[in-house]
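data.cif follows (mmCIF, C-alpha atoms):
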```cif
data_my_file
#
loop_
_atom_site.group_PDB
_atom_site.id
_atom_site.type_symbol
_atom_site.label_atom_id
_atom_site.label_comp_id
_atom_site.auth_asym_id
_atom_site.auth_seq_id
_atom_site.Cartn_x
_atom_site.Cartn_y
_atom_site.Cartn_z
ATOM 1 C CA MET A 1 0.000 0.000 0.000
ATOM 2 C CA VAL A 2 1.218 3.484 0.718
ATOM 3 C CA ALA A 3 4.729 3.585 2.111
ATOM 4 C CA PHE A 4 4.586 4.692 5.733
ATOM 5 C CA ARG A 5 6.815 7.401 6.982
ATOM 6 C CA PHE A 6 6.926 5.903 10.425
ATOM 7 C CA HIS A 7 7.896 2.362 11.213
ATOM 8 C CA GLN A 8 7.511 0.656 14.539
ATOM 9 C CA TYR A 9 10.680 -0.846 15.947
ATOM 10 C CA GLN A 10 11.433 -2.939 18.977
ATOM 11 C CA VAL A 11 14.856 -2.011 20.366
ATOM 12 C CA VAL A 12 16.506 -4.102 23.063
ATOM 13 C CA GLY A 13 19.583 -2.835 24.816
ATOM 14 C CA ARG A 14 21.541 -2.775 28.028
ATOM 15 C CA ALA A 15 24.543 -1.203 29.640
ATOM 16 C CA LEU A 16 27.890 -2.785 28.835
ATOM 17 C CA PRO A 17 28.908 -5.472 31.330
ATOM 18 C CA SER A 18 31.471 -4.171 33.822
ATOM 19 C CA PRO A 19 33.465 -5.676 36.687
ATOM 20 C CA THR A 20 30.861 -4.400 39.181
ATOM 21 C CA ASP A 21 27.877 -5.538 37.141
ATOM 22 C CA GLU A 22 28.382 -8.754 35.239
ATOM 23 C CA HIS A 23 24.834 -9.046 33.883
ATOM 24 C CA PRO A 24 23.228 -5.647 33.555
ATOM 25 C CA LYS A 25 19.485 -5.464 33.173
ATOM 26 C CA ILE A 26 18.184 -5.638 29.634
ATOM 27 C CA TYR A 27 15.640 -3.081 28.574
ATOM 28 C CA ARG A 28 13.229 -3.273 25.675
ATOM 29 C CA MET A 29 11.425 -0.429 24.049
ATOM 30 C CA LYS A 30 8.922 -0.072 21.264
ATOM 31 C CA LEU A 31 9.192 3.141 19.363
ATOM 32 C CA TRP A 32 8.379 4.864 16.096
ATOM 33 C CA ALA A 33 11.006 6.228 13.790
ATOM 34 C CA THR A 34 11.500 6.707 10.088
ATOM 35 C CA ASN A 35 14.390 4.260 9.916
ATOM 36 C CA GLU A 36 16.484 1.936 12.061
ATOM 37 C CA VAL A 37 19.289 4.382 12.712
ATOM 38 C CA ARG A 38 16.890 6.922 14.110
ATOM 39 C CA ALA A 39 15.184 4.213 16.142
ATOM 40 C CA LYS A 40 18.423 3.349 17.904
ATOM 41 C CA SER A 41 19.127 7.000 18.571
ATOM 42 C CA LYS A 42 15.659 7.489 20.034
ATOM 43 C CA PHE A 43 16.168 4.412 22.168
ATOM 44 C CA TRP A 44 19.243 5.904 23.838
ATOM 45 C CA TYR A 45 17.461 9.233 24.236
ATOM 46 C CA PHE A 46 14.680 7.633 26.229
ATOM 47 C CA LEU A 47 16.891 5.243 28.117
ATOM 48 C CA ARG A 48 19.141 8.073 29.271
ATOM 49 C CA LYS A 49 16.137 9.720 30.847
ATOM 50 C CA LEU A 50 15.079 6.574 32.651
ATOM 51 C CA LYS A 51 18.325 4.867 33.658
ATOM 52 C CA LYS A 52 21.899 5.921 34.120
ATOM 53 C CA VAL A 53 23.202 4.560 30.841
ATOM 54 C CA LYS A 54 24.387 6.209 27.662
ATOM 55 C CA LYS A 55 25.146 4.997 24.182
ATOM 56 C CA SER A 56 28.851 5.171 24.959
ATOM 57 C CA ASN A 57 28.574 2.710 27.835
ATOM 58 C CA GLY A 58 25.765 0.598 26.486
ATOM 59 C CA GLN A 59 24.961 -1.697 23.637
ATOM 60 C CA VAL A 60 21.935 -2.396 21.495
ATOM 61 C CA LEU A 61 21.244 -6.098 21.508
ATOM 62 C CA ALA A 62 18.514 -6.305 18.927
ATOM 63 C CA ILE A 63 16.405 -4.096 16.763
ATOM 64 C CA ASN A 64 13.446 -5.534 14.897
ATOM 65 C CA GLU A 65 10.740 -3.916 12.899
ATOM 66 C CA ILE A 66 7.235 -4.695 14.061
ATOM 67 C CA PHE A 67 4.691 -5.130 11.309
ATOM 68 C CA GLU A 68 0.958 -4.897 11.487
ATOM 69 C CA ARG A 69 -0.711 -8.176 12.239
ATOM 70 C CA LYS A 70 -3.955 -7.582 10.379
ATOM 71 C CA PRO A 71 -3.614 -4.663 8.008
ATOM 72 C CA THR A 72 -7.027 -5.282 6.472
ATOM 73 C CA LYS A 73 -8.967 -4.872 9.707
ATOM 74 C CA ILE A 74 -10.109 -1.430 10.794
ATOM 75 C CA LYS A 75 -9.182 -0.674 14.375
ATOM 76 C CA ASN A 76 -9.636 2.208 16.762
ATOM 77 C CA TYR A 77 -6.264 3.350 18.040
ATOM 78 C CA GLY A 78 -5.804 5.416 21.168
ATOM 79 C CA ILE A 79 -2.529 7.274 21.403
ATOM 80 C CA TRP A 80 -1.290 8.859 24.601
ATOM 81 C CA LEU A 81 1.347 11.464 23.971
ATOM 82 C CA ARG A 82 3.393 14.105 25.704
ATOM 83 C CA TYR A 83 4.135 17.191 23.679
ATOM 84 C CA GLN A 84 5.870 20.472 24.138
ATOM 85 C CA SER A 85 3.894 23.556 23.278
ATOM 86 C CA ARG A 86 5.136 27.122 23.318
ATOM 87 C CA THR A 87 4.273 27.411 26.995
ATOM 88 C CA GLY A 88 5.103 24.025 28.466
ATOM 89 C CA TYR A 89 4.620 20.286 28.357
ATOM 90 C CA HIS A 90 1.192 18.714 28.110
ATOM 91 C CA ASN A 91 -0.226 15.243 27.974
ATOM 92 C CA MET A 92 -2.800 14.355 25.430
ATOM 93 C CA TYR A 93 -4.936 11.424 24.421
ATOM 94 C CA LYS A 94 -6.058 11.112 20.821
ATOM 95 C CA GLU A 95 -8.117 8.537 19.013
ATOM 96 C CA PHE A 96 -7.765 7.472 15.413
ATOM 97 C CA ARG A 97 -9.525 4.986 13.250
ATOM 98 C CA ASP A 98 -7.174 3.240 10.865
ATOM 99 C CA THR A 99 -6.197 -0.136 9.522
ATOM 100 C CA THR A 100 -2.598 -0.085 10.739
ATOM 101 C CA LEU A 101 -0.828 1.351 13.768
ATOM 102 C CA ASN A 102 1.821 3.001 11.601
ATOM 103 C CA GLY A 103 -0.925 4.751 9.687
ATOM 104 C CA ALA A 104 -2.518 5.954 12.908
ATOM 105 C CA VAL A 105 0.821 7.254 14.212
ATOM 106 C CA GLU A 106 1.433 9.118 10.979
ATOM 107 C CA HIS A 107 -2.087 10.528 11.222
ATOM 108 C CA MET A 108 -1.313 11.640 14.762
ATOM 109 C CA TYR A 109 1.858 13.466 13.790
ATOM 110 C CA ASN A 110 0.088 15.209 10.953
ATOM 111 C CA GLU A 111 -2.803 16.185 13.165
ATOM 112 C CA MET A 112 -0.577 17.546 15.946
ATOM 113 C CA ALA A 113 1.323 19.577 13.410
ATOM 114 C CA SER A 114 -1.803 21.025 11.851
ATOM 115 C CA ARG A 115 -3.985 21.525 14.914
ATOM 116 C CA HIS A 116 -1.388 22.504 17.489
ATOM 117 C CA ARG A 117 1.660 23.494 15.416
ATOM 118 C CA VAL A 118 3.704 20.853 17.224
ATOM 119 C CA ARG A 119 6.532 19.355 15.202
ATOM 120 C CA TYR A 120 7.851 15.820 15.242
ATOM 121 C CA HIS A 121 10.688 16.323 17.676
ATOM 122 C CA CYS A 122 8.456 17.882 20.302
ATOM 123 C CA ILE A 123 6.200 14.838 20.562
ATOM 124 C CA GLN A 124 6.842 11.776 22.683
ATOM 125 C CA ILE A 125 4.506 8.827 22.339
ATOM 126 C CA ILE A 126 3.779 7.459 25.775
ATOM 127 C CA LYS A 127 1.512 4.615 24.866
ATOM 128 C CA THR A 128 -0.582 3.278 22.028
ATOM 129 C CA ALA A 129 -3.362 0.753 22.223
ATOM 130 C CA THR A 130 -6.144 -0.686 20.134
ATOM 131 C CA ILE A 131 -9.369 0.297 21.774
ATOM 132 C CA PRO A 132 -12.515 -1.794 21.491
ATOM 133 C CA ALA A 133 -15.449 0.185 20.209
ATOM 134 C CA LYS A 134 -17.185 0.366 23.593
ATOM 135 C CA LEU A 135 -14.333 2.192 25.249
ATOM 136 C CA CYS A 136 -13.767 4.902 22.672
ATOM 137 C CA LYS A 137 -14.014 8.354 24.134
ATOM 138 C CA ARG A 138 -14.145 10.676 21.176
ATOM 139 C CA GLU A 139 -17.399 11.307 19.324
ATOM 140 C CA ASN A 140 -15.495 11.605 16.113
ATOM 141 C CA THR A 141 -14.467 7.943 16.172
ATOM 142 C CA LYS A 142 -17.684 6.759 17.767
ATOM 143 C CA GLN A 143 -19.793 8.066 14.921
ATOM 144 C CA PHE A 144 -18.284 5.445 12.610
ATOM 145 C CA HIS A 145 -19.218 2.558 14.894
ATOM 146 C CA ASP A 146 -22.337 1.825 12.928
ATOM 147 C CA SER A 147 -22.760 -1.447 11.127
ATOM 148 C CA LYS A 148 -25.263 0.128 8.740
ATOM 149 C CA ILE A 149 -23.311 3.261 8.109
ATOM 150 C CA LYS A 150 -24.576 5.286 5.193
ATOM 151 C CA PHE A 151 -23.823 8.815 4.078
ATOM 152 C CA PRO A 152 -23.763 10.641 0.781
ATOM 153 C CA LEU A 153 -20.719 12.282 -0.710
ATOM 154 C CA VAL A 154 -21.856 15.825 -0.987
ATOM 155 C CA PHE A 155 -19.940 17.242 -3.877
ATOM 156 C CA LYS A 156 -17.769 15.674 -6.471
ATOM 157 C CA LYS A 157 -14.393 17.164 -7.197
ATOM 158 C CA VAL A 158 -13.597 16.537 -10.837
ATOM 159 C CA ARG A 159 -9.975 15.445 -11.083
ATOM 160 C CA PRO A 160 -7.916 14.413 -14.096
ATOM 161 C CA PRO A 161 -6.999 10.759 -13.689
ATOM 162 C CA SER A 162 -3.304 11.435 -13.551
ATOM 163 C CA ARG A 163 -1.147 14.416 -12.662
ATOM 164 C CA LYS A 164 0.186 14.617 -16.171
ATOM 165 C CA LEU A 165 -3.257 15.623 -17.476
ATOM 166 C CA LYS A 166 -3.545 18.488 -15.029
ATOM 167 C CA THR A 167 -4.109 21.920 -16.646
ATOM 168 C CA THR A 168 -4.175 25.353 -15.048
ATOM 169 C CA TYR A 169 -7.123 26.609 -17.061
ATOM 170 C CA LYS A 170 -10.314 24.805 -17.897
ATOM 171 C CA ALA A 171 -12.604 25.511 -20.816
ATOM 172 C CA SER A 172 -15.811 25.286 -18.785
ATOM 173 C CA ARG A 173 -16.875 25.399 -15.174
ATOM 174 C CA PRO A 174 -16.900 21.917 -13.666
ATOM 175 C CA ASN A 175 -20.160 20.405 -12.519
ATOM 176 C CA LEU A 176 -19.823 19.438 -8.861
ATOM 177 C CA PHE A 177 -23.103 17.580 -8.509
ATOM 178 C CA MET A 178 -22.602 13.991 -7.426
ATOM 179 C CA MET B 1 -32.802 17.267 -4.285
ATOM 180 C CA PRO B 2 -32.043 14.353 -1.999
ATOM 181 C CA PHE B 3 -28.997 12.240 -2.601
ATOM 182 C CA LYS B 4 -29.304 9.003 -4.492
ATOM 183 C CA ARG B 5 -25.877 7.408 -4.210
ATOM 184 C CA TYR B 6 -24.702 6.781 -0.693
ATOM 185 C CA VAL B 7 -21.448 5.538 0.693
ATOM 186 C CA GLU B 8 -22.552 2.330 2.352
ATOM 187 C CA ILE B 9 -21.422 -1.211 2.796
ATOM 188 C CA GLY B 10 -21.918 -2.949 -0.499
ATOM 189 C CA ARG B 11 -21.818 0.111 -2.727
ATOM 190 C CA VAL B 12 -19.944 -0.512 -5.960
ATOM 191 C CA ALA B 13 -17.592 2.274 -6.933
ATOM 192 C CA LEU B 14 -15.254 3.015 -9.793
ATOM 193 C CA VAL B 15 -11.667 3.964 -9.073
ATOM 194 C CA ASN B 16 -10.979 7.223 -10.872
ATOM 195 C CA TYR B 17 -7.393 8.000 -9.884
ATOM 196 C CA GLY B 18 -4.204 6.172 -9.212
ATOM 197 C CA LYS B 19 -2.817 2.749 -9.842
ATOM 198 C CA ASP B 20 -6.170 0.945 -10.009
ATOM 199 C CA TYR B 21 -7.761 3.407 -12.370
ATOM 200 C CA GLY B 22 -10.866 2.051 -14.041
ATOM 201 C CA ARG B 23 -11.427 -0.838 -11.667
ATOM 202 C CA LEU B 24 -14.774 -1.622 -10.058
ATOM 203 C CA VAL B 25 -14.499 -2.085 -6.307
ATOM 204 C CA VAL B 26 -16.944 -2.698 -3.502
ATOM 205 C CA ILE B 27 -16.992 -0.583 -0.360
ATOM 206 C CA VAL B 28 -16.668 -3.083 2.440
ATOM 207 C CA ASP B 29 -16.341 -0.791 5.448
ATOM 208 C CA VAL B 30 -15.798 2.841 6.299
ATOM 209 C CA VAL B 31 -12.561 3.772 8.070
ATOM 210 C CA ASP B 32 -13.367 7.371 8.748
ATOM 211 C CA GLN B 33 -14.721 10.432 7.046
ATOM 212 C CA ASN B 34 -12.358 10.300 4.114
ATOM 213 C CA ARG B 35 -11.439 6.684 3.649
ATOM 214 C CA ALA B 36 -13.152 3.406 2.982
ATOM 215 C CA LEU B 37 -12.027 -0.174 3.114
ATOM 216 C CA VAL B 38 -12.405 -1.368 -0.398
ATOM 217 C CA ASP B 39 -12.331 -4.837 -1.921
ATOM 218 C CA ALA B 40 -12.574 -6.466 -5.327
ATOM 219 C CA PRO B 41 -12.301 -10.106 -6.410
ATOM 220 C CA ASP B 42 -8.722 -9.822 -7.630
ATOM 221 C CA VAL B 43 -7.386 -7.121 -5.341
ATOM 222 C CA VAL B 44 -5.997 -7.273 -1.823
ATOM 223 C CA ARG B 45 -8.415 -5.542 0.507
ATOM 224 C CA GLY B 46 -7.124 -2.057 1.256
ATOM 225 C CA GLN B 47 -8.152 1.419 2.194
ATOM 226 C CA MET B 48 -8.864 4.078 -0.351
ATOM 227 C CA ASN B 49 -9.699 7.747 -0.136
ATOM 228 C CA PHE B 50 -13.201 8.718 -1.271
ATOM 229 C CA LYS B 51 -11.586 11.230 -3.566
ATOM 230 C CA ARG B 52 -10.333 8.350 -5.641
ATOM 231 C CA LEU B 53 -13.742 6.721 -5.930
ATOM 232 C CA SER B 54 -16.775 7.514 -8.062
ATOM 233 C CA LEU B 55 -19.899 5.937 -6.631
ATOM 234 C CA THR B 56 -22.123 4.007 -9.015
ATOM 235 C CA ASP B 57 -25.791 3.092 -8.811
ATOM 236 C CA ILE B 58 -25.049 -0.543 -8.113
ATOM 237 C CA LYS B 59 -25.269 -1.847 -4.579
ATOM 238 C CA ILE B 60 -24.813 -5.435 -3.492
ATOM 239 C CA ASP B 61 -25.998 -7.129 -0.355
ATOM 240 C CA ILE B 62 -23.113 -8.086 1.907
ATOM 241 C CA PRO B 63 -22.544 -8.260 5.669
ATOM 242 C CA ARG B 64 -20.088 -5.815 7.140
ATOM 243 C CA LEU B 65 -16.697 -7.408 6.521
ATOM 244 C CA PRO B 66 -17.296 -10.342 4.234
ATOM 245 C CA LYS B 67 -14.762 -13.022 3.503
ATOM 246 C CA LYS B 68 -13.436 -13.015 -0.017
ATOM 247 C CA LYS B 69 -15.599 -15.997 -0.936
ATOM 248 C CA THR B 70 -18.818 -14.384 0.298
ATOM 249 C CA LEU B 71 -17.896 -11.211 -1.519
ATOM 250 C CA ILE B 72 -17.347 -13.010 -4.802
ATOM 251 C CA ALA B 73 -20.554 -14.998 -4.343
ATOM 252 C CA ALA B 74 -22.539 -11.835 -3.614
ATOM 253 C CA MET B 75 -21.081 -10.117 -6.648
ATOM 254 C CA GLU B 76 -22.081 -13.061 -8.833
ATOM 255 C CA ALA B 77 -25.554 -13.114 -7.319
ATOM 256 C CA ALA B 78 -26.094 -9.419 -7.954
ATOM 257 C CA ASP B 79 -24.530 -9.815 -11.405
ATOM 258 C CA VAL B 80 -22.453 -6.703 -10.973
ATOM 259 C CA LYS B 81 -20.369 -7.201 -14.073
ATOM 260 C CA ASN B 82 -23.310 -7.467 -16.462
ATOM 261 C CA LYS B 83 -25.223 -4.660 -14.815
ATOM 262 C CA TRP B 84 -22.186 -2.454 -15.154
ATOM 263 C CA GLU B 85 -21.504 -3.328 -18.766
ATOM 264 C CA ASN B 86 -25.140 -2.713 -19.715
ATOM 265 C CA SER B 87 -25.409 0.590 -17.907
ATOM 266 C CA SER B 88 -24.849 3.692 -19.985
ATOM 267 C CA TRP B 89 -21.827 4.694 -17.912
ATOM 268 C CA GLY B 90 -20.247 1.268 -18.301
ATOM 269 C CA ARG B 91 -20.935 1.158 -22.020
ATOM 270 C CA LYS B 92 -19.356 4.580 -22.489
ATOM 271 C CA LEU B 93 -16.188 3.410 -20.790
ATOM 272 C CA ILE B 94 -16.034 0.293 -22.948
ATOM 273 C CA VAL B 95 -16.426 2.361 -26.100
ATOM 274 C CA GLN B 96 -13.730 4.763 -24.899
ATOM 275 C CA LYS B 97 -11.349 1.876 -24.359
ATOM 276 C CA ARG B 98 -12.042 0.468 -27.798
ATOM 277 C CA ARG B 99 -11.507 3.797 -29.453
ATOM 278 C CA ALA B 100 -8.200 4.276 -27.676
ATOM 279 C CA ALA B 101 -7.022 0.862 -28.894
ATOM 280 C CA LEU B 102 -7.773 1.381 -32.587
ATOM 281 C CA ASN B 103 -4.973 1.080 -35.081
ATOM 282 C CA ASP B 104 -4.752 3.111 -38.265
ATOM 283 C CA PHE B 105 -6.633 0.613 -40.414
ATOM 284 C CA ASP B 106 -9.444 0.517 -37.855
ATOM 285 C CA ARG B 107 -9.634 4.275 -37.861
ATOM 286 C CA PHE B 108 -9.880 4.188 -41.648
ATOM 287 C CA LYS B 109 -12.754 1.746 -41.410
ATOM 288 C CA VAL B 110 -14.462 3.962 -38.837
ATOM 289 C CA MET B 111 -14.103 6.919 -41.193
ATOM 290 C CA LEU B 112 -15.785 5.018 -44.018
ATOM 291 C CA ALA B 113 -18.562 3.894 -41.707
ATOM 292 C CA ARG B 114 -19.179 7.470 -40.538
ATOM 293 C CA ILE B 115 -19.387 8.749 -44.117
ATOM 294 C CA LYS B 116 -21.854 5.995 -44.946
ATOM 295 C CA ARG B 117 -23.964 6.794 -41.884
ATOM 296 C CA GLY B 118 -23.898 10.485 -42.757
ATOM 297 C CA GLY B 119 -25.036 9.696 -46.286
ATOM 298 C CA ALA B 120 -27.972 7.618 -45.039
ATOM 299 C CA ILE B 121 -29.066 10.391 -42.667
ATOM 300 C CA GLN B 122 -28.923 12.989 -45.423
ATOM 301 C CA GLN B 123 -31.050 10.801 -47.707
ATOM 302 C CA GLU B 124 -33.765 10.460 -45.061
ATOM 303 C CA LEU B 125 -33.583 14.186 -44.373
ATOM 304 C CA ALA B 126 -33.974 14.967 -48.070
ATOM 305 C CA LYS B 127 -37.014 12.701 -48.254
ATOM 306 C CA LEU B 128 -38.646 14.364 -45.265
ATOM 307 C CA LYS B 129 -37.928 17.795 -46.677
ATOM 308 C CA LYS B 130 -39.575 16.888 -49.971
ATOM 309 C CA GLN B 131 -42.615 15.554 -48.104
ATOM 310 C CA ASN B 132 -42.812 18.719 -46.065
ATOM 311 C CA ALA B 133 -42.439 20.983 -49.084
ATOM 312 C CA SER B 134 -45.171 19.241 -51.063
#
```
Representation of the structure as structure tokens:
Amino acid sequence: MVAFRFHQYQVVGRALPSPTDEHPKIYRMKLWATNEVRAKSKFWYFLRKLKKVKKSNGQVLAINEIFERKPTKIKNYGIWLRYQSRTGYHNMYKEFRDTTLNGAVEHMYNEMASRHRVRYHCIQIIKTATIPAKLCKRENTKQFHDSKIKFPLVFKKVRPPSRKLKTTYKASRPNLFM
Amino acid sequence: MPFKRYVEIGRVALVNYGKDYGRLVVIVDVVDQNRALVDAPDVVRGQMNFKRLSLTDIKIDIPRLPKKKTLIAAMEAADVKNKWENSSWGRKLIVQKRRAALNDFDRFKVMLARIKRGGAIQQELAKLKKQNAS
């Protein structure tokens, strides 16, 4: 399908073994990044804030990409995030309806950028979860929980079938009636 | 005027942009305001923006997320393919495709046929004019 900007990675890492600590604790993290290199960097960023370990005295043991289990099933995703606005840090909970988690995360980044002017590096994803329909909080997602959903498309935008056929001027006014 | 073509489960739509241009697909579920889950017998089920779809008059009877087999069976039962090819919209698309695939000899034959048709029309018109004049 469409190539996702964000991929979900599972990064596993630990501090390097030292004479005082033969078997340091292993930590695992699931995060979103555009590629593996950035995923590892993000891993150390978060781990530094939680434990006293840096990339220079630690090692990444494994990094795997996590793919969507059922990309043809529509799910309601709830995303808890922490973002930095112009005045301070805030927590937020957003709901998205999508077929894949990567798609929902991309939707979230786009929405934060458009609605709150928050860019990618100011957002930290705390938690994501698939929410069953009963527990959805936002009316916007709940209105699509209808097995007999039916709505008309109100006006039809006439588009040339490929970008090559696009012209700046048209001979006649397009008819928008569906 | 009220709307006649609704986005609903089972609505047949024509893809009007992108890789699957010209394909008939069935709306199987609605993701959100702008996207639908869309399925066709020979296509992996995927989501598509409504902007890429043109709704048709045909609607088939399917439960909300049918298996591929039920979908194909329902499409056969509703006879989507024949209904589409006999509808004026479907016929226009078929004619457009044929015209685009003509080679030079075919175009020559079409030209001769058009001249012949024009001649026949003019003869009838001349007859009617003479009847009217007299």
Chain A residues near chain B (9 Å cut-off, all atoms listed in the file) as a ChimeraX atom specification: /A:1,71-75,96-99,140-141,143-144,147-154,156-157,159-162,178
Expressed in Å, the length from CA of Val25 in chain B to CA of Ile94 in chain B is 16.9 Å
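One distance worth recording is that between CA of Asp20 in chain B and CA of Leu93 in chain B, which is 14.9 Å.
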Would you compute, for all listed atoms of range 27-30 of chain A, the axis-aligned bounding box grown by 4 Å on each side, and then report its centre and edge lengths in Å rounded to one decimal, as JSON?
```
{"center_x": 12.3, "center_y": -1.7, "center_z": 24.9, "size_x": 14.7, "size_y": 11.2, "size_z": 15.3}
```
- Task: Check what the PyMOL selection byres ((chain A and resi 109) around 12) selects in the file above and give those residues as a PyMOL selection string.
- Result: chain A and resi 5-6+32-33+79+81+83+94+96+102-108+110-125
Counting only C-alpha atoms, the residue among B:Ile62, B:Phe108, B:Arg117, B:Thr56 that lies closest to Ser87 in chain B is B:Thr56
Spell out the residues picked by the PyMOL selection byres ((chain B and resi 79-83) around 10) here, as number ranges by chain. B: 12, 24, 57-60, 73-78, 84-88, 90
Incomplete range 33-53 of chain A filled out to N, CA and C atoms as an mmCIF file, in the coordinates of the input:
```
data_model
loop_
_atom_site.group_PDB
_atom_site.id
_atom_site.type_symbol
_atom_site.label_atom_id
_atom_site.label_comp_id
_atom_site.auth_asym_id
_atom_site.auth_seq_id
_atom_site.Cartn_x
_atom_site.Cartn_y
_atom_site.Cartn_z
ATOM 1 N N ALA A 33 9.971 5.409 14.411
ATOM 2 C CA ALA A 33 11.006 6.228 13.790
ATOM 3 C C ALA A 33 10.910 6.012 12.299
ATOM 4 N N THR A 34 11.582 6.864 11.535
ATOM 5 C CA THR A 34 11.500 6.707 10.088
ATOM 6 C C THR A 34 12.438 5.621 9.601
ATOM 7 N N ASN A 35 13.516 5.363 10.324
ATOM 8 C CA ASN A 35 14.390 4.260 9.916
ATOM 9 C C ASN A 35 15.085 3.692 11.145
ATOM 10 N N GLU A 36 15.894 2.649 10.926
ATOM 11 C CA GLU A 36 16.484 1.936 12.061
ATOM 12 C C GLU A 36 17.499 2.785 12.798
ATOM 13 N N VAL A 37 18.241 3.578 12.065
ATOM 14 C CA VAL A 37 19.289 4.382 12.712
ATOM 15 C C VAL A 37 18.652 5.342 13.699
ATOM 16 N N ARG A 38 17.563 5.974 13.228
ATOM 17 C CA ARG A 38 16.890 6.922 14.110
ATOM 18 C C ARG A 38 16.249 6.215 15.286
ATOM 19 N N ALA A 39 15.813 4.965 15.050
ATOM 20 C CA ALA A 39 15.184 4.213 16.142
ATOM 21 C C ALA A 39 16.183 3.970 17.256
ATOM 22 N N LYS A 40 17.404 3.602 16.871
ATOM 23 C CA LYS A 40 18.423 3.349 17.904
ATOM 24 C C LYS A 40 18.745 4.628 18.661
ATOM 25 N N SER A 41 18.813 5.726 17.921
ATOM 26 C CA SER A 41 19.127 7.000 18.571
ATOM 27 C C SER A 41 18.042 7.383 19.561
ATOM 28 N N LYS A 42 16.782 7.188 19.138
ATOM 29 C CA LYS A 42 15.659 7.489 20.034
ATOM 30 C C LYS A 42 15.685 6.594 21.257
ATOM 31 N N PHE A 43 16.098 5.350 21.047
ATOM 32 C CA PHE A 43 16.168 4.412 22.168
ATOM 33 C C PHE A 43 17.106 4.940 23.245
ATOM 34 N N TRP A 44 18.293 5.388 22.844
ATOM 35 C CA TRP A 44 19.243 5.904 23.838
ATOM 36 C C TRP A 44 18.735 7.178 24.459
ATOM 37 N N TYR A 45 18.032 7.998 23.696
ATOM 38 C CA TYR A 45 17.461 9.233 24.236
ATOM 39 C C TYR A 45 16.516 8.924 25.385
ATOM 40 N N PHE A 46 15.643 7.951 25.170
ATOM 41 C CA PHE A 46 14.680 7.633 26.229
ATOM 42 C C PHE A 46 15.340 6.913 27.387
ATOM 43 N N LEU A 47 16.287 6.039 27.041
ATOM 44 C CA LEU A 47 16.891 5.243 28.117
ATOM 45 C C LEU A 47 17.725 6.106 29.044
ATOM 46 N N ARG A 48 18.359 7.133 28.450
ATOM 47 C CA ARG A 48 19.141 8.073 29.271
ATOM 48 C C ARG A 48 18.272 8.740 30.309
ATOM 49 N N LYS A 49 17.029 9.025 29.928
ATOM 50 C CA LYS A 49 16.137 9.720 30.847
ATOM 51 C C LYS A 49 15.603 8.798 31.914
ATOM 52 N N LEU A 50 15.663 7.489 31.677
ATOM 53 C CA LEU A 50 15.079 6.574 32.651
ATOM 54 C C LEU A 50 16.134 5.896 33.511
ATOM 55 N N LYS A 51 17.279 5.575 32.921
ATOM 56 C CA LYS A 51 18.325 4.867 33.658
ATOM 57 C C LYS A 51 19.651 5.585 33.450
ATOM 58 N N LYS A 52 20.620 5.253 34.275
ATOM 59 C CA LYS A 52 21.899 5.921 34.120
ATOM 60 C C LYS A 52 22.767 5.141 33.141
ATOM 61 N N VAL A 53 22.427 5.254 31.859
ATOM 62 C CA VAL A 53 23.202 4.560 30.841
ATOM 63 C C VAL A 53 23.158 5.398 29.578
#
```
